[in-house]
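File shown: coords_26.cif. Contents: mmCIF, C-alpha atoms.
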```
data_target
#
loop_
_atom_site.label_atom_id
_atom_site.label_comp_id
_atom_site.auth_asym_id
_atom_site.auth_seq_id
_atom_site.Cartn_x
_atom_site.Cartn_y
_atom_site.Cartn_z
CA MET A 1 95.40 60.18 79.36
CA ASP A 2 95.43 63.95 79.85
CA ALA A 3 99.09 63.85 80.92
CA ALA A 4 100.07 62.15 77.67
CA VAL A 5 98.00 64.56 75.60
CA ASN A 6 99.68 67.53 77.29
CA ASP A 7 103.14 66.01 76.90
CA PHE A 8 102.93 64.78 73.31
CA THR A 9 100.58 67.12 71.44
CA ILE A 10 101.11 70.69 70.33
CA ASN A 11 98.52 72.55 68.25
CA ARG A 12 96.64 69.26 67.74
CA GLN A 13 99.78 67.63 66.29
CA VAL A 14 100.75 64.29 67.86
CA TYR A 15 104.47 63.84 68.50
CA GLY A 16 104.50 60.64 70.56
CA VAL A 17 102.41 57.66 71.64
CA PRO A 18 102.73 56.05 75.10
CA LEU A 19 101.85 52.37 75.27
CA TYR A 20 101.19 52.62 79.01
CA VAL A 21 101.03 55.25 81.76
CA ASP A 22 101.93 54.45 85.37
CA SER A 23 101.13 56.68 88.34
CA LEU A 24 102.34 56.64 91.92
CA GLY A 25 100.32 54.67 94.44
CA LEU A 26 100.65 54.11 98.20
CA TYR A 27 101.65 50.57 99.15
CA TYR A 28 100.70 49.66 102.72
CA ASN A 29 101.42 46.76 105.07
CA LYS A 30 98.07 45.41 106.29
CA ASP A 31 99.53 43.73 109.37
CA ILE A 32 101.35 46.84 110.59
CA LEU A 33 98.26 48.99 110.13
CA GLY A 34 96.12 46.44 111.95
CA SER A 35 98.55 46.26 114.88
CA ALA A 36 98.46 50.07 115.15
CA GLY A 37 94.66 50.10 115.16
CA ILE A 38 94.46 51.72 111.73
CA ALA A 39 91.49 50.35 109.79
CA THR A 40 92.09 51.90 106.37
CA PRO A 41 95.04 53.52 104.55
CA PRO A 42 95.23 57.33 104.79
CA LYS A 43 93.34 59.50 102.31
CA THR A 44 94.84 62.86 103.30
CA TRP A 45 98.21 64.26 104.28
CA ASP A 46 96.94 64.83 107.83
CA GLU A 47 95.83 61.21 108.09
CA LEU A 48 99.18 60.04 106.73
CA SER A 49 101.05 62.13 109.32
CA ALA A 50 98.84 60.81 112.13
CA ASP A 51 99.37 57.21 111.01
CA VAL A 52 103.14 57.67 110.81
CA GLN A 53 103.21 58.97 114.37
CA LYS A 54 101.22 55.94 115.59
CA ILE A 55 103.42 53.42 113.80
CA LYS A 56 107.04 54.62 114.12
CA ARG A 57 109.39 52.98 116.60
CA ALA A 58 113.04 53.80 117.34
CA ASP A 59 115.70 52.24 119.56
CA LYS A 60 117.97 54.08 121.98
CA THR A 61 120.50 54.85 119.25
CA GLY A 62 117.94 56.64 117.09
CA TYR A 63 117.64 53.84 114.55
CA PHE A 64 114.06 53.41 113.37
CA THR A 65 113.17 49.77 113.94
CA LEU A 66 109.79 50.54 112.37
CA SER A 67 108.96 53.49 110.12
CA GLY A 68 105.56 54.69 109.05
CA LEU A 69 106.59 56.11 105.67
CA ALA A 70 109.76 55.61 103.68
CA ALA A 71 110.32 59.25 102.66
CA GLY A 72 112.28 62.38 103.41
CA THR A 73 115.72 61.56 102.03
CA ASN A 74 117.07 60.90 98.54
CA ALA A 75 119.74 58.19 98.52
CA ASN A 76 117.73 55.46 100.27
CA VAL A 77 114.23 56.23 98.93
CA ASN A 78 113.22 54.70 95.61
CA ARG A 79 111.81 57.32 93.20
CA ALA A 80 112.38 60.06 95.78
CA VAL A 81 112.35 62.81 93.14
CA ASP A 82 109.03 61.61 91.73
CA ILE A 83 107.47 61.62 95.21
CA LEU A 84 108.73 65.17 95.73
CA TYR A 85 107.29 66.22 92.36
CA LEU A 86 103.96 64.68 93.39
CA PHE A 87 103.86 66.62 96.66
CA MET A 88 104.70 69.88 94.89
CA LEU A 89 102.07 69.37 92.19
CA GLN A 90 99.48 68.40 94.78
CA GLN A 91 100.06 71.75 96.44
CA GLY A 92 99.60 73.55 93.12
CA ALA A 93 103.18 74.29 92.12
CA VAL A 94 103.76 75.44 88.54
CA PRO A 95 106.83 73.56 87.23
CA TYR A 96 107.88 75.78 84.31
CA SER A 97 107.17 79.13 82.73
CA GLN A 98 104.76 79.09 79.78
CA ASP A 99 107.60 79.18 77.27
CA PHE A 100 109.49 76.42 79.14
CA SER A 101 112.51 78.69 79.42
CA GLN A 102 112.92 78.43 83.19
CA PRO A 103 111.70 76.35 86.15
CA THR A 104 109.17 78.04 88.45
CA PHE A 105 108.76 75.50 91.25
CA ALA A 106 110.18 77.96 93.77
CA GLU A 107 108.01 80.92 92.77
CA PRO A 108 105.04 82.02 94.90
CA VAL A 109 101.48 81.70 93.61
CA GLN A 110 98.64 84.15 94.14
CA GLU A 111 95.42 82.46 95.29
CA ASN A 112 92.34 84.14 96.78
CA GLY A 113 94.32 87.31 97.33
CA GLN A 114 97.05 85.53 99.26
CA SER A 115 100.58 84.59 98.27
CA THR A 116 101.62 80.98 98.84
CA ASN A 117 104.65 78.94 97.86
CA PRO A 118 103.31 75.50 96.90
CA GLY A 119 106.68 74.20 95.77
CA LEU A 120 108.20 74.96 99.15
CA ASP A 121 105.18 73.49 100.94
CA GLY A 122 105.59 70.24 99.01
CA LEU A 123 109.32 70.15 99.74
CA ASN A 124 108.77 70.78 103.45
CA PHE A 125 106.19 68.00 103.67
CA TYR A 126 108.52 65.52 101.97
CA THR A 127 111.54 66.37 104.11
CA SER A 128 109.47 66.45 107.33
CA PHE A 129 109.65 62.64 107.45
CA ALA A 130 113.44 62.87 107.82
CA ASN A 131 113.53 66.08 109.88
CA PRO A 132 114.36 65.40 113.56
CA SER A 133 112.47 68.53 114.62
CA SER A 134 109.24 67.41 112.92
CA VAL A 135 106.51 65.24 114.46
CA ASN A 136 106.64 63.26 111.19
CA TYR A 137 110.28 62.25 111.76
CA ASN A 138 110.51 58.51 111.10
CA TRP A 139 113.24 58.04 108.50
CA ASN A 140 116.91 58.93 108.12
CA SER A 141 120.13 57.96 106.36
CA ARG A 142 120.47 54.90 108.61
CA SER A 143 117.17 53.47 107.39
CA ASP A 144 117.20 50.58 104.95
CA TYR A 145 116.60 51.17 101.25
CA SER A 146 112.87 51.96 100.98
CA ILE A 147 111.74 48.90 98.98
CA ASP A 148 113.79 46.61 101.23
CA ALA A 149 112.39 48.29 104.34
CA PHE A 150 108.85 47.79 103.13
CA ALA A 151 109.42 44.20 102.02
CA ASN A 152 111.12 43.36 105.35
CA GLY A 153 108.28 44.84 107.40
CA ARG A 154 110.28 47.83 108.63
CA ALA A 155 108.10 50.43 106.87
CA ALA A 156 104.31 50.57 106.74
CA PHE A 157 103.92 52.83 103.70
CA LEU A 158 105.79 53.10 100.41
CA TYR A 159 105.10 55.44 97.50
CA SER A 160 105.86 53.66 94.23
CA TYR A 161 104.56 52.47 90.87
CA SER A 162 102.63 49.36 89.85
CA TYR A 163 105.71 47.42 88.76
CA THR A 164 107.17 47.60 92.29
CA ALA A 165 104.67 44.99 93.49
CA ALA A 166 106.62 42.27 91.70
CA ALA A 167 109.87 43.31 93.37
CA ILE A 168 108.20 43.34 96.80
CA ARG A 169 106.76 39.85 96.28
CA GLN A 170 110.11 38.56 95.09
CA LYS A 171 111.79 39.84 98.25
CA ASN A 172 109.01 38.63 100.57
CA PRO A 173 106.35 36.33 99.07
CA ASN A 174 104.49 36.19 102.41
CA LEU A 175 104.12 39.94 102.95
CA ASN A 176 100.51 40.97 103.56
CA PHE A 177 100.26 44.21 101.59
CA ASP A 178 98.10 46.12 99.15
CA ALA A 179 98.06 49.45 97.30
CA ALA A 180 95.81 52.49 97.75
CA PRO A 181 95.47 55.88 96.05
CA VAL A 182 98.04 58.43 97.18
CA PRO A 183 96.86 60.74 99.97
CA GLN A 184 95.80 64.25 98.95
CA PRO A 185 96.44 67.51 100.85
CA ASN A 186 92.73 68.32 100.82
CA LEU A 187 89.87 66.12 99.66
CA ASP A 188 87.81 69.22 98.80
CA ASN A 189 90.17 69.88 95.87
CA PRO A 190 90.53 67.76 92.72
CA ALA A 191 92.86 64.81 93.18
CA VAL A 192 96.38 65.13 91.77
CA ASN A 193 98.57 62.15 90.89
CA PHE A 194 101.98 61.91 89.23
CA ALA A 195 102.47 60.05 85.95
CA ASN A 196 105.60 58.26 84.80
CA TYR A 197 105.86 56.68 81.38
CA TRP A 198 107.73 56.42 78.09
CA GLY A 199 106.53 57.71 74.76
CA GLU A 200 107.30 56.06 71.46
CA VAL A 201 108.11 58.56 68.71
CA VAL A 202 109.26 58.50 65.10
CA SER A 203 112.56 60.09 64.14
CA ARG A 204 112.32 63.03 61.78
CA GLN A 205 115.18 61.45 59.80
CA SER A 206 113.27 58.21 59.25
CA LYS A 207 112.94 57.24 55.57
CA ASN A 208 109.72 55.38 56.36
CA SER A 209 107.98 57.68 58.83
CA ALA A 210 104.49 56.89 57.51
CA VAL A 211 105.03 53.16 58.04
CA ALA A 212 106.47 53.81 61.50
CA TRP A 213 103.45 55.91 62.51
CA ASP A 214 101.10 53.24 61.19
CA PHE A 215 102.92 50.70 63.36
CA LEU A 216 102.50 52.93 66.43
CA LYS A 217 98.81 53.33 65.65
CA PHE A 218 98.53 49.56 65.51
CA LEU A 219 100.36 49.08 68.82
CA SER A 220 98.16 51.67 70.55
CA SER A 221 94.88 50.31 69.16
CA LYS A 222 92.37 48.81 71.56
CA ASP A 223 92.95 45.16 70.64
CA SER A 224 96.73 45.48 70.66
CA TRP A 225 96.76 47.28 73.98
CA ILE A 226 94.62 44.58 75.63
CA ASN A 227 97.13 41.96 74.51
CA ILE A 228 100.02 44.08 75.80
CA THR A 229 98.27 44.48 79.15
CA LEU A 230 97.67 40.75 79.50
CA LEU A 231 101.35 40.14 78.83
CA HIS A 232 103.03 42.95 80.79
CA LYS A 233 100.40 43.96 83.40
CA GLN A 234 100.81 47.69 82.82
CA PRO A 235 98.19 50.42 83.43
CA SER A 236 96.40 51.77 80.40
CA SER A 237 97.39 54.84 78.44
CA ARG A 238 93.83 54.93 77.05
CA LYS A 239 90.89 56.28 79.02
CA ASP A 240 88.47 53.87 77.37
CA LEU A 241 90.46 50.93 78.77
CA ILE A 242 90.98 52.09 82.35
CA ALA A 243 88.53 49.50 83.63
CA PHE A 244 90.39 46.70 81.86
CA THR A 245 93.29 45.38 83.90
CA GLY A 246 93.24 41.71 83.01
CA PRO A 247 92.24 38.73 85.16
CA GLY A 248 93.88 38.58 88.58
CA SER A 249 95.55 41.96 88.08
CA ASP A 250 96.33 44.35 90.93
CA ILE A 251 97.06 47.46 88.86
CA GLY A 252 93.58 48.99 89.22
CA VAL A 253 94.67 51.62 91.75
CA PHE A 254 97.42 52.81 89.44
CA ALA A 255 95.22 52.74 86.34
CA ASN A 256 92.54 54.84 88.06
CA ALA A 257 95.18 57.30 89.25
CA ASN A 258 96.06 57.95 85.62
CA LEU A 259 92.77 59.81 85.21
CA THR A 260 94.01 62.65 87.43
CA ALA A 261 97.76 62.25 86.88
CA LYS A 262 100.01 65.12 85.89
CA SER A 263 103.43 65.33 84.36
CA PHE A 264 105.55 68.18 83.07
CA TYR A 265 108.30 69.08 80.64
CA ARG A 266 111.77 68.08 81.89
CA PRO A 267 114.36 69.09 79.29
CA THR A 268 117.25 67.26 80.96
CA ARG A 269 115.47 63.98 80.23
CA SER A 270 115.17 64.56 76.50
CA LYS A 271 118.02 62.12 75.89
CA TRP A 272 115.81 59.34 77.34
CA ILE A 273 113.38 59.53 74.43
CA THR A 274 113.53 56.42 72.27
CA PHE A 275 112.96 56.71 68.54
CA LEU A 276 111.19 54.24 66.35
CA ALA A 277 113.01 54.34 63.02
CA ILE A 278 112.02 51.92 60.31
#
```
Could the structure of this file be written out as structure tokens, please?
Amino acid sequence: MDAAVNDFTINRQVYGVPLYVDSLGLYYNKDILGSAGIATPPKTWDELSADVQKIKRADKTGYFTLSGLAAGTNANVNRAVDILYLFMLQQGAVPYSQDFSQPTFAEPVQENGQSTNPGLDGLNFYTSFANPSSVNYNWNSRSDYSIDAFANGRAAFLYSYSYTAAAIRQKNPNLNFDAAPVPQPNLDNPAVNFANYWGEVVSRQSKNSAVAWDFLKFLSSKDSWINITLLHKQPSSRKDLIAFTGPGSDIGVFANANLTAKSFYRPTRSKWITFLAI
């Protein structure tokens, strides 16, 4: 995947190998959409906003008995930061300076002779779903935790990764839901998705680094990866295996999203890197 290449290679040197790459998708409740007269899940931000306005319901106290999209806050939205990153990147925000010395999400960008602030635009779109003054307002601190709200039929849309499907089914085996590609700000522009994954690396202090790298090469080979996919149902980190998802799998949406997924350097997460030392 391009995201993995950008994250783990410098000057054609490979520093890590991901065994899978997962990208955000849009889970949707088929029954709620059908009841609202919505035939297909939204493909654009405008369609998402319109669908949310059709679906949302609130009681006299301001509690949303039915939300269109679980988004806009942090504490009760699963992977809220990742969703925010997605919105910012979709608008064209540049996360860091070229030397990675400082974040640049908040800096304006010059495009076609005009100055825009894509990071702010992404932030405003995310928070609009919890902003009482916005037409998108459909979520607040009183709302249930996002995965629970979706599983209980109190939210029509949920941004999350492929592995969340299992948690949803565990909470509500009878829920009629599916996953679709995440909406884009403008279909005239190339699609942008957000990748989340782990990379396996070899410690510089390893006394058997060559053996460790050979083991990683084996794990990431085509045959090994197919076996891993059949066992764990995870989207491919290899472009040549995007079409392979295993029999009965529902990770196709997330695997296809990997083709246009982006990630970026986050130095505060360096401690999460796991080392393979043999």
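With CA of Ala50 (chain A) on one side and CA of Ser35 (chain A) on the other, the separation reads 14.8 Å.
For the residues A:Thr44, A:Ser146, A:Ser263, A:Thr104, ranking by smallest atom-to-atom distance to Asp188 (chain A) using only C-alpha atoms places A:Thr44 first.
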For Ile38 (chain A), work out the shell of residues within 12 Å, counting only C-alpha atoms and skipping chain neighbours fewer than 2 positions away, then give it as a count of residues only. 22
Smallest atom-to-atom distance to Pro95 (chain A): which of A:Ser143, A:Lys217, A:Glu107, A:Gly62, using all atoms listed in the file? A:Glu107
Which residue of A:Leu89, A:Ala257, A:Val192, A:Ala151 approaches Pro173 (chain A) most closely, using all atoms listed in the file: A:Ala151
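Distances from A:Ser133, A:Gln102, A:Asn76, A:Gln234 to Val253 (chain A) were compared using all atoms listed in the file, and the smallest one belongs to A:Gln234.
Taking only C-alpha atoms into account, Ser49 (chain A) lies nearest to A:Val135 out of the set A:Leu187, A:Val135, A:Ile168, A:Ala70.
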Take the PyMOL selection byres ((chain A and resi 254) around 8), apply it to the structure above, and return the hits as a PDB file with C-alpha atoms, keeping the file's coordinate frame.
```pdb
ATOM      1  CA  ASP A  22     101.930  54.450  85.370  1.00  0.00           C
ATOM      2  CA  SER A  23     101.130  56.680  88.340  1.00  0.00           C
ATOM      3  CA  LEU A  24     102.340  56.640  91.920  1.00  0.00           C
ATOM      4  CA  GLY A  25     100.320  54.670  94.440  1.00  0.00           C
ATOM      5  CA  TYR A 161     104.560  52.470  90.870  1.00  0.00           C
ATOM      6  CA  SER A 162     102.630  49.360  89.850  1.00  0.00           C
ATOM      7  CA  PRO A 181      95.470  55.880  96.050  1.00  0.00           C
ATOM      8  CA  PRO A 235      98.190  50.420  83.430  1.00  0.00           C
ATOM      9  CA  ILE A 251      97.060  47.460  88.860  1.00  0.00           C
ATOM     10  CA  GLY A 252      93.580  48.990  89.220  1.00  0.00           C
ATOM     11  CA  VAL A 253      94.670  51.620  91.750  1.00  0.00           C
ATOM     12  CA  ALA A 255      95.220  52.740  86.340  1.00  0.00           C
ATOM     13  CA  ASN A 256      92.540  54.840  88.060  1.00  0.00           C
ATOM     14  CA  ALA A 257      95.180  57.300  89.250  1.00  0.00           C
ATOM     15  CA  ASN A 258      96.060  57.950  85.620  1.00  0.00           C
TER      16      ASN A 258
END
```
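Minimum distance to Ser128 (chain A) across A:Gly72, A:Pro183, A:Gly113, A:Pro108 (counting all atoms listed in the file) occurs at A:Gly72.
As for CA of Phe105 (chain A) and CA of Asn124 (chain A), they are spaced 13.1 Å apart.
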Given the file above and the PyMOL selection byres ((chain A and resi 130) around 10), which residues are selected, and can you give them as a PDB file with C-alpha atoms, in the coordinates of the input?
```
ATOM      1  CA  LEU A  69     106.590  56.110 105.670  1.00  0.00           C
ATOM      2  CA  ALA A  70     109.760  55.610 103.680  1.00  0.00           C
ATOM      3  CA  ALA A  71     110.320  59.250 102.660  1.00  0.00           C
ATOM      4  CA  GLY A  72     112.280  62.380 103.410  1.00  0.00           C
ATOM      5  CA  THR A  73     115.720  61.560 102.030  1.00  0.00           C
ATOM      6  CA  PHE A 125     106.190  68.000 103.670  1.00  0.00           C
ATOM      7  CA  TYR A 126     108.520  65.520 101.970  1.00  0.00           C
ATOM      8  CA  THR A 127     111.540  66.370 104.110  1.00  0.00           C
ATOM      9  CA  SER A 128     109.470  66.450 107.330  1.00  0.00           C
ATOM     10  CA  PHE A 129     109.650  62.640 107.450  1.00  0.00           C
ATOM     11  CA  ASN A 131     113.530  66.080 109.880  1.00  0.00           C
ATOM     12  CA  PRO A 132     114.360  65.400 113.560  1.00  0.00           C
ATOM     13  CA  SER A 133     112.470  68.530 114.620  1.00  0.00           C
ATOM     14  CA  SER A 134     109.240  67.410 112.920  1.00  0.00           C
ATOM     15  CA  VAL A 135     106.510  65.240 114.460  1.00  0.00           C
ATOM     16  CA  ASN A 136     106.640  63.260 111.190  1.00  0.00           C
ATOM     17  CA  TYR A 137     110.280  62.250 111.760  1.00  0.00           C
ATOM     18  CA  ASN A 138     110.510  58.510 111.100  1.00  0.00           C
ATOM     19  CA  TRP A 139     113.240  58.040 108.500  1.00  0.00           C
ATOM     20  CA  ASN A 140     116.910  58.930 108.120  1.00  0.00           C
ATOM     21  CA  SER A 141     120.130  57.960 106.360  1.00  0.00           C
TER      22      SER A 141
END
```
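For Lys171 (chain A), the non-local neighbours within 12 Å, defined as residues at least 6 positions apart in the same chain or in other chains and counting only C-alpha atoms, are Ile147, Asp148, Ala149, Phe150, Ala151, Asn152, Gly153, Thr164 and Ala165 of chain A.
Using the PyMOL selection byres ((chain A and resi 83-88) around 8) on the file at hand returns these residues: A:Leu24, A:Arg79, A:Ala80, A:Val81, A:Asp82, A:Leu89, A:Gln90, A:Gln91, A:Gly92, A:Ala93, A:Phe105, A:Pro118, A:Gly119, A:Leu120, A:Asp121, A:Gly122, A:Leu123, A:Phe125, A:Tyr126, A:Tyr159, A:Val192, A:Asn193, A:Phe194.
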Which distance in Å separates CA of Tyr63 (chain A) and CA of Arg142 (chain A), to one decimal? 6.7 Å
